[in-house]
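**Q** This is the structure, below, for whatever I ask next.
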Amino acid sequence: MLEDLEEITVDRPKSLGPIYWNYNRDEIQMQIAKLRASLPLEVKQAANLTRESERVIEQAREDAGKTMESAQKEVERTIEDARNEAERLINQAKLEQERLLSEHEILKLAKSQGEEIRQSADKEASLMRRGAEDYAFTVLSQLESVVGKAMTAIDRGKAELKPSNDLAAIQPRERAKVAP
């Protein structure tokens with residue numbers, strides 16, 4: 001509000017051509033500076049705490065973004081490894097199946113083994129996918145904890161500032177009662 005007042009009266013004063021309305025810009029600027037200097041320490045501390053909270057939140061957001069990006073890359077890499085391994089196992093099963101098909105008497109055995117290898121590959125891919133998802137969940141849980149701590153610090157700071165704001169709101173009223 002002080003900055004708005006300074007802007008209206010000092011930076012953009014009302015004028016009619018070269019004539020300014022009846023006030024002393026230097027005196028108004030001096031009064032605004034005195035008001036700023038007389039602000040309670042709690043207000044200045046609150047402003048500092050707010051800036052620090054915003055910095056912590058921004059840092060937490062950056063860390064969260066980096067963690068999410070890292071977790072996503074890890075998940076993608078793990079899934080790709082699982083796919084490659086599954087493809088390798090399936091190709092291996094197909095080769096084995098083709099070899100066994102050439103021998104008529106063991107045809108049933110070849111089909112059975114090929115199916116087992118495919119199921120094993122699917123199961124292994126599923127296990128790897130679950131592992132990747134568990135890892136992502138763990139990373140997100142850790143991120144949630146970090147953000148939760150930041151929010152707790154913010155709430156604690158706000159709670160510490162609230163009684164100071166109530167006291168600041170009472171003091172001007174008391175001064176108003178004493179002045180008349």
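To be explicit about the labels: the chains of the structure tokens are called A, B, and onward in the order shown, and within each one the residues are counted from 1, while ligands get numbers from 1 in the order they are shown.
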Name all residues at most 12 Å from Glu74 of chain A (count only C-alpha atoms; drop same-chain ones fewer than 5 positions away) and give them as a list in words.
**A**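 Contacts, in chain order: Thr67, Met68, Glu69, Ile79, Glu80, Asp81, Met128, Arg129, Gly131, Ala132, Glu133, Asp134, Tyr135, Ala136 and Val139 of chain A.
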**Q** Applying 12 Å and only C-alpha atoms, which residues near Ser53 of chain A remain after dropping the ones on its own chain fewer than 4 positions away? List them as a JSON list (two decimals) with C-alpha atoms, in the first residue's frame.
**A**
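File produced: part-v4.json:
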```
[["chain", "number", "residue", "atom", "x", "y", "z"],
["A", 45, "GLN", "CA", 10.23, -10.67, 9.62],
["A", 46, "ALA", "CA", 6.99, -11.84, 8.04],
["A", 47, "ALA", "CA", 8.08, -10.45, 4.70],
["A", 48, "ASN", "CA", 11.43, -12.22, 5.04],
["A", 49, "LEU", "CA", 9.70, -15.45, 6.09],
["A", 57, "ILE", "CA", 8.60, -23.98, -2.26],
["A", 58, "GLU", "CA", 10.29, -23.10, -5.55],
["A", 59, "GLN", "CA", 13.28, -25.27, -4.62],
["A", 60, "ALA", "CA", 10.91, -28.10, -3.68],
["A", 147, "VAL", "CA", 6.86, -31.24, 0.03],
["A", 149, "LYS", "CA", 7.85, -30.84, 5.34],
["A", 150, "ALA", "CA", 7.96, -27.62, 3.34],
["A", 151, "MET", "CA", 4.21, -27.15, 3.79],
["A", 152, "THR", "CA", 4.55, -27.83, 7.54],
["A", 153, "ALA", "CA", 7.26, -25.16, 7.76],
["A", 154, "ILE", "CA", 5.03, -22.73, 5.89],
["A", 155, "ASP", "CA", 2.05, -23.50, 8.13],
["A", 156, "ARG", "CA", 4.22, -23.09, 11.23],
["A", 157, "GLY", "CA", 5.48, -19.75, 9.95],
["A", 158, "LYS", "CA", 1.97, -18.59, 9.20]]
```
**Q** As a list in words, please: the residues near Glu87 of chain A (cut-off 12 Å, only C-alpha atoms, same-chain neighbours under 4 positions excluded).
**A**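 Result of the neighbour search: Glu80, Asp81, Ala82, Arg83, Asn91, Gln92, Ala93, Lys94, Ile117, Arg118, Ser120, Ala121, Asp122, Glu124 and Ala125 of chain A.
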